[in-house]
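Trainee: Structure: model38.txt, compact mmCIF, C-alpha atoms and all ligand atoms.
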```
# COMPACT_ATOMS: atom_id res chain seq x y z
CA MET X 6 -15.92 6.89 -14.67
CA PRO X 7 -18.02 3.73 -15.22
CA ILE X 8 -16.29 0.36 -15.06
CA ASN X 9 -14.76 -0.83 -18.33
CA PHE X 10 -15.66 -4.54 -18.60
CA HIS X 11 -13.25 -4.98 -21.50
CA SER X 12 -10.12 -3.83 -19.69
CA SER X 13 -7.57 -6.44 -18.61
CA ASN X 14 -7.31 -4.49 -15.31
CA ASN X 15 -10.82 -5.70 -14.45
CA LYS X 16 -10.40 -9.27 -15.71
CA TYR X 17 -10.72 -10.94 -12.30
CA THR X 18 -13.20 -8.52 -10.77
CA TYR X 19 -16.02 -11.08 -10.83
CA THR X 20 -14.11 -14.24 -9.89
CA ASN X 21 -12.68 -13.65 -6.45
CA ARG X 22 -15.45 -15.27 -4.42
CA GLN X 23 -17.90 -18.18 -4.43
CA ALA X 24 -21.69 -18.13 -4.51
CA THR X 25 -22.96 -18.70 -0.97
CA ASP X 26 -25.74 -20.93 0.39
CA SER X 27 -28.04 -17.91 0.68
CA TRP X 28 -28.07 -17.64 -3.12
CA THR X 29 -28.27 -21.38 -3.77
CA HIS X 30 -31.27 -21.80 -1.46
CA ARG X 31 -33.08 -18.83 -2.98
CA ILE X 32 -32.68 -20.19 -6.51
CA GLN X 33 -33.65 -23.70 -5.41
CA ASN X 34 -36.86 -22.24 -3.96
CA ILE X 35 -37.65 -20.69 -7.34
CA ILE X 36 -36.84 -23.68 -9.55
CA ASP X 37 -35.14 -27.04 -9.36
CA VAL X 38 -32.22 -26.61 -11.75
CA LYS X 39 -31.42 -30.35 -11.89
CA GLU X 40 -31.11 -31.65 -15.45
CA LYS X 41 -32.06 -28.24 -16.85
CA ARG X 42 -30.33 -26.47 -19.73
CA VAL X 43 -29.34 -23.08 -18.38
CA ILE X 44 -27.82 -19.90 -19.82
CA ASP X 45 -26.18 -17.21 -17.67
CA ILE X 46 -26.24 -13.90 -19.56
CA GLY X 47 -23.56 -11.41 -18.50
CA CYS X 48 -21.85 -14.21 -16.64
CA GLY X 49 -18.76 -12.17 -15.68
CA GLY X 50 -16.21 -14.47 -14.05
CA GLY X 51 -18.65 -17.38 -13.95
CA ILE X 52 -19.29 -17.43 -10.18
CA TYR X 53 -22.96 -18.27 -10.72
CA THR X 54 -22.44 -20.31 -13.89
CA LYS X 55 -20.29 -22.59 -11.76
CA GLN X 56 -22.79 -22.72 -8.92
CA LEU X 57 -25.68 -23.66 -11.21
CA ALA X 58 -23.57 -26.51 -12.59
CA LEU X 59 -22.74 -27.68 -9.06
CA MET X 60 -26.47 -27.56 -8.27
CA GLY X 61 -27.05 -30.25 -10.89
CA ALA X 62 -27.96 -28.43 -14.11
CA ALA X 63 -27.43 -30.61 -17.18
CA GLU X 64 -25.49 -27.84 -18.86
CA VAL X 65 -24.77 -24.19 -18.09
CA ILE X 66 -23.55 -21.80 -20.77
CA GLY X 67 -22.08 -18.46 -19.72
CA VAL X 68 -22.40 -15.59 -22.20
CA ASP X 69 -20.65 -12.24 -21.87
CA PHE X 70 -19.64 -9.51 -24.31
CA SER X 71 -16.24 -9.14 -22.65
CA ASN X 72 -13.41 -11.39 -23.71
CA GLN X 73 -11.54 -10.57 -20.51
CA MET X 74 -14.47 -11.74 -18.36
CA LEU X 75 -14.82 -14.91 -20.39
CA GLN X 76 -11.14 -15.80 -20.03
CA ALA X 77 -11.42 -15.40 -16.27
CA ALA X 78 -14.66 -17.45 -16.23
CA GLU X 79 -13.00 -20.27 -18.14
CA GLU X 80 -10.17 -20.36 -15.61
CA ASN X 81 -12.67 -20.21 -12.74
CA CYS X 82 -14.70 -23.14 -14.10
CA ALA X 83 -11.84 -25.17 -15.58
CA HIS X 84 -12.70 -28.29 -13.59
CA ILE X 85 -16.47 -28.15 -14.04
CA SER X 86 -17.30 -30.29 -17.07
CA ASN X 87 -20.86 -29.12 -17.76
CA THR X 88 -20.03 -25.42 -18.10
CA SER X 89 -18.95 -23.62 -21.26
CA PHE X 90 -18.53 -19.99 -22.27
CA ILE X 91 -19.23 -18.04 -25.40
CA GLN X 92 -18.85 -14.41 -26.35
CA GLY X 93 -22.13 -12.72 -27.15
CA ASP X 94 -24.22 -9.65 -26.58
CA ALA X 95 -27.33 -9.57 -24.42
CA TYR X 96 -29.13 -7.93 -27.37
CA ASN X 97 -28.15 -10.65 -29.82
CA ILE X 98 -27.74 -13.93 -27.96
CA PRO X 99 -26.00 -16.47 -30.20
CA PHE X 100 -28.49 -19.35 -29.77
CA ALA X 101 -31.52 -20.66 -31.62
CA ASP X 102 -35.12 -20.09 -30.52
CA GLU X 103 -36.42 -22.25 -27.65
CA THR X 104 -33.04 -23.64 -26.54
CA PHE X 105 -33.02 -23.14 -22.74
CA ASP X 106 -35.12 -24.10 -19.71
CA ILE X 107 -33.68 -21.30 -17.56
CA VAL X 108 -32.21 -17.89 -18.38
CA LEU X 109 -30.38 -16.21 -15.49
CA SER X 110 -29.09 -12.67 -15.59
CA ARG X 111 -27.58 -11.48 -12.34
CA ALA X 112 -26.36 -7.91 -11.76
CA VAL X 113 -26.57 -7.09 -15.46
CA ILE X 114 -29.73 -5.14 -16.32
CA HIS X 115 -28.51 -1.94 -14.64
CA HIS X 116 -25.70 -1.95 -17.19
CA LEU X 117 -28.08 -2.25 -20.18
CA ASP X 118 -29.45 0.76 -22.10
CA HIS X 119 -32.08 -1.25 -23.97
CA ILE X 120 -33.67 -3.66 -21.51
CA PRO X 121 -36.69 -4.42 -23.77
CA ASN X 122 -34.34 -5.70 -26.50
CA PHE X 123 -32.64 -7.97 -24.00
CA LEU X 124 -35.98 -9.29 -22.69
CA GLN X 125 -37.07 -10.11 -26.24
CA GLU X 126 -33.90 -12.13 -26.72
CA ALA X 127 -34.38 -13.92 -23.40
CA TYR X 128 -37.96 -14.75 -24.42
CA ARG X 129 -36.86 -16.03 -27.82
CA ILE X 130 -34.22 -18.47 -26.54
CA LEU X 131 -36.42 -19.87 -23.75
CA LYS X 132 -38.40 -23.07 -24.31
CA ARG X 133 -42.15 -23.06 -23.60
CA ASN X 134 -42.61 -23.04 -19.79
CA GLY X 135 -39.01 -21.91 -19.45
CA ILE X 136 -38.22 -19.36 -16.75
CA LEU X 137 -36.30 -16.09 -16.76
CA ILE X 138 -34.64 -15.09 -13.49
CA LEU X 139 -33.46 -11.48 -13.24
CA GLN X 140 -31.53 -10.49 -10.13
CA ASP X 141 -30.48 -6.91 -9.60
CA ARG X 142 -30.46 -4.15 -7.02
CA THR X 143 -33.00 -1.36 -7.21
CA ILE X 144 -32.25 2.08 -5.80
CA GLU X 145 -34.16 1.04 -2.65
CA ASP X 146 -31.87 -2.00 -2.27
CA CYS X 147 -28.74 0.12 -2.76
CA THR X 148 -29.59 2.87 -0.30
CA ILE X 149 -30.35 0.77 2.76
CA PRO X 150 -28.14 2.36 5.46
CA GLY X 151 -24.65 1.03 6.18
CA SER X 152 -24.27 -1.56 8.95
CA PRO X 153 -21.80 -4.32 9.84
CA GLU X 154 -23.69 -6.52 7.36
CA HIS X 155 -24.61 -3.99 4.67
CA ILE X 156 -21.20 -2.58 3.80
CA ARG X 157 -22.40 -0.94 0.58
CA GLY X 158 -24.62 1.39 2.59
CA TYR X 159 -21.48 3.17 3.82
CA PHE X 160 -20.57 4.05 0.22
CA PHE X 161 -23.64 6.28 -0.01
CA SER X 162 -23.54 7.86 3.46
CA CYS X 163 -19.90 8.79 2.82
CA TYR X 164 -20.52 9.92 -0.81
CA PRO X 165 -24.14 10.97 -1.43
CA LYS X 166 -23.15 11.82 -5.03
CA LEU X 167 -23.08 8.05 -5.67
CA ILE X 168 -26.84 7.94 -5.06
CA ARG X 169 -27.30 10.09 -8.18
CA VAL X 170 -25.21 7.65 -10.23
CA GLU X 171 -27.23 4.69 -8.97
CA SER X 172 -30.57 6.49 -9.46
CA LYS X 173 -29.79 6.89 -13.15
CA ARG X 174 -28.81 3.29 -13.81
CA ARG X 175 -30.82 1.19 -11.37
CA PRO X 176 -33.97 -0.57 -12.60
CA GLU X 177 -37.36 0.29 -11.10
CA THR X 178 -39.25 -2.70 -9.76
CA ASN X 179 -42.55 -2.01 -11.53
CA GLN X 180 -40.96 -0.84 -14.74
CA ILE X 181 -39.24 -4.23 -15.14
CA LEU X 182 -42.51 -6.01 -14.37
CA HIS X 183 -44.29 -4.03 -17.08
CA LEU X 184 -41.52 -4.65 -19.58
CA LEU X 185 -41.63 -8.39 -18.87
CA ARG X 186 -45.40 -8.44 -19.47
CA ASP X 187 -45.06 -6.34 -22.63
CA THR X 188 -42.56 -8.93 -23.92
CA GLY X 189 -45.14 -11.70 -23.42
CA PHE X 190 -43.95 -13.18 -20.15
CA GLN X 191 -46.24 -14.33 -17.35
CA THR X 192 -44.78 -12.62 -14.26
CA ASN X 193 -44.51 -14.03 -10.74
CA PRO X 194 -44.52 -11.98 -7.52
CA ILE X 195 -41.33 -10.01 -6.97
CA GLN X 196 -38.96 -11.20 -4.27
CA THR X 197 -36.34 -9.37 -2.24
CA PHE X 198 -33.61 -11.14 -0.35
CA TRP X 199 -30.30 -10.72 1.43
CA GLU X 200 -27.46 -12.56 -0.28
CA VAL X 201 -24.32 -13.21 1.73
CA ARG X 202 -21.68 -11.77 -0.58
CA LYS X 203 -18.55 -12.76 1.28
CA ILE X 204 -17.37 -13.58 4.81
CA HIS X 205 -14.33 -11.45 5.69
CA PRO X 206 -12.30 -12.88 8.61
CA SER X 207 -11.27 -9.36 9.70
CA ILE X 208 -11.61 -5.67 8.84
CA GLU X 209 -8.22 -5.86 7.12
CA ASP X 210 -9.55 -8.57 4.80
CA LEU X 211 -12.59 -6.46 3.99
CA LEU X 212 -10.48 -3.39 3.21
CA GLN X 213 -8.17 -5.48 1.05
CA ASP X 214 -11.20 -6.73 -0.85
CA LEU X 215 -12.57 -3.20 -1.34
CA SER X 216 -9.37 -1.40 -2.29
CA PRO X 217 -9.05 -2.76 -5.88
CA ARG X 218 -12.82 -1.95 -6.31
CA THR X 219 -13.34 -5.69 -6.94
CA GLY X 220 -16.85 -6.64 -7.98
CA ARG X 221 -18.27 -3.25 -7.06
CA SER X 222 -18.66 -1.19 -10.21
CA ILE X 223 -19.96 1.86 -8.28
CA LEU X 224 -16.51 2.35 -6.70
CA HIS X 225 -15.14 3.12 -10.17
CA GLU X 226 -16.98 6.44 -9.81
CA LEU X 227 -14.60 7.47 -6.97
CA SER X 228 -11.07 8.81 -7.30
CA ASP X 229 -8.25 6.99 -5.50
CA ASN X 230 -8.29 9.66 -2.75
CA GLU X 231 -12.04 9.38 -2.31
CA LEU X 232 -11.75 5.60 -2.12
CA SER X 233 -9.11 5.77 0.59
CA HIS X 234 -11.30 8.19 2.59
CA LEU X 235 -14.21 5.72 2.23
CA LEU X 236 -12.03 2.87 3.49
CA GLN X 237 -11.10 4.93 6.57
CA HIS X 238 -14.81 5.64 7.15
CA ILE X 239 -15.59 1.91 6.97
CA TYR X 240 -12.65 1.09 9.23
CA SER X 241 -13.84 3.55 11.88
CA ASN X 242 -17.28 1.92 11.86
CA LEU X 243 -16.20 -1.72 11.83
CA TYR X 244 -12.72 -2.06 13.34
CA GLU X 245 -14.03 -4.07 16.31
CA ARG X 246 -15.96 -6.57 14.20
CA SER X 247 -14.81 -10.00 13.14
CA PRO X 248 -15.77 -11.86 11.12
CA ILE X 249 -17.66 -9.44 8.89
CA ILE X 250 -20.50 -11.18 7.08
CA GLU X 251 -21.12 -8.91 4.13
CA GLN X 252 -24.60 -9.05 2.64
CA ASP X 253 -26.38 -7.25 -0.19
CA ARG X 254 -30.12 -6.74 -0.61
CA TRP X 255 -31.42 -7.84 -4.01
CA THR X 256 -34.62 -7.87 -5.99
CA ILE X 257 -35.55 -10.90 -8.07
CA TRP X 258 -38.02 -10.86 -10.96
CA THR X 259 -39.08 -14.26 -12.28
CA ALA X 260 -41.18 -14.70 -15.40
CA VAL X 261 -42.40 -17.67 -17.40
CA LYS X 262 -42.77 -18.08 -21.16
CA GLU X 263 -46.14 -19.84 -21.37
C1 LIG J 1 -21.79 -6.70 -12.65
S1 LIG J 1 -21.17 -7.92 -13.73
C2 LIG J 1 -22.08 -9.36 -13.19
C3 LIG J 1 -21.34 -10.65 -13.45
C4 LIG J 1 -22.06 -11.90 -12.96
N1 LIG J 1 -23.38 -12.04 -13.55
C5 LIG J 1 -22.14 -11.89 -11.45
O1 LIG J 1 -23.26 -11.71 -10.92
O2 LIG J 1 -21.12 -12.11 -10.79
C6 LIG J 1 -21.99 -7.53 -15.27
C7 LIG J 1 -21.52 -8.38 -16.43
O3 LIG J 1 -22.36 -8.13 -17.55
C8 LIG J 1 -21.57 -8.07 -18.72
N2 LIG J 1 -22.31 -7.27 -19.70
C9 LIG J 1 -22.64 -5.95 -19.62
N3 LIG J 1 -23.33 -5.56 -20.71
C10 LIG J 1 -23.43 -6.66 -21.51
C11 LIG J 1 -24.04 -6.90 -22.78
N4 LIG J 1 -24.66 -5.93 -23.45
N5 LIG J 1 -23.97 -8.14 -23.28
C12 LIG J 1 -23.33 -9.13 -22.62
N6 LIG J 1 -22.72 -8.97 -21.43
C13 LIG J 1 -22.78 -7.75 -20.86
C14 LIG J 1 -20.26 -7.45 -18.25
O4 LIG J 1 -19.18 -7.73 -19.12
C15 LIG J 1 -20.10 -8.09 -16.88
O5 LIG J 1 -19.37 -9.29 -16.95
```
Could the structure of this file be written out as structure tokens, please?
Ligand SMILES: C[S@@+](CC[C@H](N)C(=O)[O-])C[C@H]1O[C@@H](n2cnc3c(N)ncnc32)[C@H](O)[C@@H]1O
Mentor:
Amino acid sequence: MPINFHSSNNKYTYTNRQATDSWTHRIQNIIDVKEKRVIDIGCGGGIYTKQLALMGAAEVIGVDFSNQMLQAAEENCAHISNTSFIQGDAYNIPFADETFDIVLSRAVIHHLDHIPNFLQEAYRILKRNGILILQDRTIEDCTIPGSPEHIRGYFFSCYPKLIRVESKRRPETNQILHLLRDTGFQTNPIQTFWEVRKIHPSIEDLLQDLSPRTGRSILHELSDNELSHLLQHIYSNLYERSPIIEQDRWTIWTAVKE
């Protein structure tokens, strides 16, 4: 069953970690966020809203359609003065035309059924010369084999049926490029990169992080029994490793409103 973003059971699923330097450096290489007005669409628990604020943005607004996510994001960013959160849909973003310098949407487009409608909204709220940053995993990113760094790869070697789920929902690199151009954006070359997701001091910490399915919507497709079998599979591969530096491979599309 797909994750329900509106359930209180999943409230903290996108708050239990910090953005790492690998992400910060990648974004800094794309654009200097200092003094920029930024919106984070599908902000979840505000992990990246917070990081953009800490990177020196003038203001970062997190938007999400889930009240539960927004409550968690507000708690997560309680001490960061230049962040704020508002409920809104990616297809109907509650801001005027030409409001933002940067639109970020991380790990969201694979959850959207109407990506062109979202891109039109992103285009509308961007100022001239503003930039859209889309970060998501393609099917190629997802299915890189499991290794001590790429933990997600074990999900698919253990349960090939998950590849079918991902194939249906994951964006295709060139399709997104075409949609961006159709919307009127000037596209930049695509980038791929490895983001350090979390550093787990031991295998026990990793298993504890995985068992509530935290931050990994694909695990909601497994039953409790299947999940516990997967955890045993991961344990048997990694029990001698510590720390475990978990990384995910991502694709980034950047596009400018000229
Ligand atoms: C996988 S989480 C990513 C959260 C955050 N961007 C991150 O990278 O940690 C996807 C988020 O998108 C939100 N979302 C999904 N569809 C949405 C829509 N149509 N409008 C607004 N938010 C949406 C969900 O509620 C969820 O918080």
Trainee: Skipping near chain neighbours, those fewer than 2 positions away, what residues fall within 7 Å of region 136-139 of chain X using all atoms listed in the file, listed as a PDB file with C-alpha atoms, keeping the file's coordinate frame?
Mentor:
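What ended up in result_39.pdb:
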```pdb
ATOM      1  CA  ASP X 106     -35.120 -24.100 -19.710  1.00  0.00           C
ATOM      2  CA  ILE X 107     -33.680 -21.300 -17.560  1.00  0.00           C
ATOM      3  CA  VAL X 108     -32.210 -17.890 -18.380  1.00  0.00           C
ATOM      4  CA  LEU X 109     -30.380 -16.210 -15.490  1.00  0.00           C
ATOM      5  CA  SER X 110     -29.090 -12.670 -15.590  1.00  0.00           C
ATOM      6  CA  ARG X 111     -27.580 -11.480 -12.340  1.00  0.00           C
ATOM      7  CA  ASN X 134     -42.610 -23.040 -19.790  1.00  0.00           C
ATOM      8  CA  ASP X 141     -30.480  -6.910  -9.600  1.00  0.00           C
ATOM      9  CA  ILE X 257     -35.550 -10.900  -8.070  1.00  0.00           C
ATOM     10  CA  TRP X 258     -38.020 -10.860 -10.960  1.00  0.00           C
ATOM     11  CA  THR X 259     -39.080 -14.260 -12.280  1.00  0.00           C
ATOM     12  CA  ALA X 260     -41.180 -14.700 -15.400  1.00  0.00           C
ATOM     13  CA  VAL X 261     -42.400 -17.670 -17.400  1.00  0.00           C
ATOM     14  CA  LYS X 262     -42.770 -18.080 -21.160  1.00  0.00           C
TER      15      LYS X 262
END
```
Trainee: Using only C-alpha atoms and all ligand atoms, which of X:Arg246, X:Lys39, X:Arg218, X:Arg186 sits nearest ligand LIG 1 (chain J)?
Mentor: X:Arg218
Trainee: Can you tell me how far CA of Phe161 (chain X) sits from CA of Ala112 (chain X), in Å to one decimal?
Mentor: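 CA of Ala112 (chain X) lies at a distance of 18.6 Å from CA of Phe161 (chain X).
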Trainee: Check the smallest atom-to-atom distance from each of X:Asn14, X:Ser216, X:Thr54, X:Asn9 to Leu232 (chain X) using all atoms listed in the file, then report the winner.
Mentor: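 Checking each candidate against Leu232 (chain X), we get X:Ser216 as the closest.
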Trainee: So which one's closest to Ile8 (chain X), X:Asp214, X:Leu184, X:His116, X:Leu57? Using only C-alpha atoms, please.
Mentor: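 Smallest distance to Ile8 (chain X) is found for X:His116.
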Trainee: Sort by chain and increasing residue number a table of all residues of chain X within 6 Å of ligand LIG 1 (chain J), each with its closest pair of atoms and their distance in Å to one decimal, counting all atoms listed in the file, and write it as CSV.
Mentor:
```
residue,atom,partner,partner_atom,distance
X:Phe10,CA,J:LIG1,O4,4.8
X:Tyr19,CA,J:LIG1,O2,5.2
X:Gly47,CA,J:LIG1,O3,3.6
X:Cys48,CA,J:LIG1,N1,4.1
X:Gly49,CA,J:LIG1,O5,3.2
X:Ile52,CA,J:LIG1,O2,5.7
X:Asp69,CA,J:LIG1,N6,3.9
X:Phe70,CA,J:LIG1,C12,4.1
X:Ser71,CA,J:LIG1,O4,4.8
X:Met74,CA,J:LIG1,O5,5.7
X:Gly93,CA,J:LIG1,C12,5.9
X:Asp94,CA,J:LIG1,N5,3.6
X:Ala95,CA,J:LIG1,N5,3.8
X:Arg111,CA,J:LIG1,N1,4.4
X:Ala112,CA,J:LIG1,C2,4.7
X:Val113,CA,J:LIG1,C6,4.6
X:His116,CA,J:LIG1,N3,5.6
X:Leu117,CA,J:LIG1,N3,5.8
```
Trainee: Which is closer to Tyr164 (chain X) than all the others in X:Leu211, X:Val65, X:Leu227, X:Ile114, using all atoms listed in the file?
Mentor: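 Smallest distance to Tyr164 (chain X) is found for X:Leu227.
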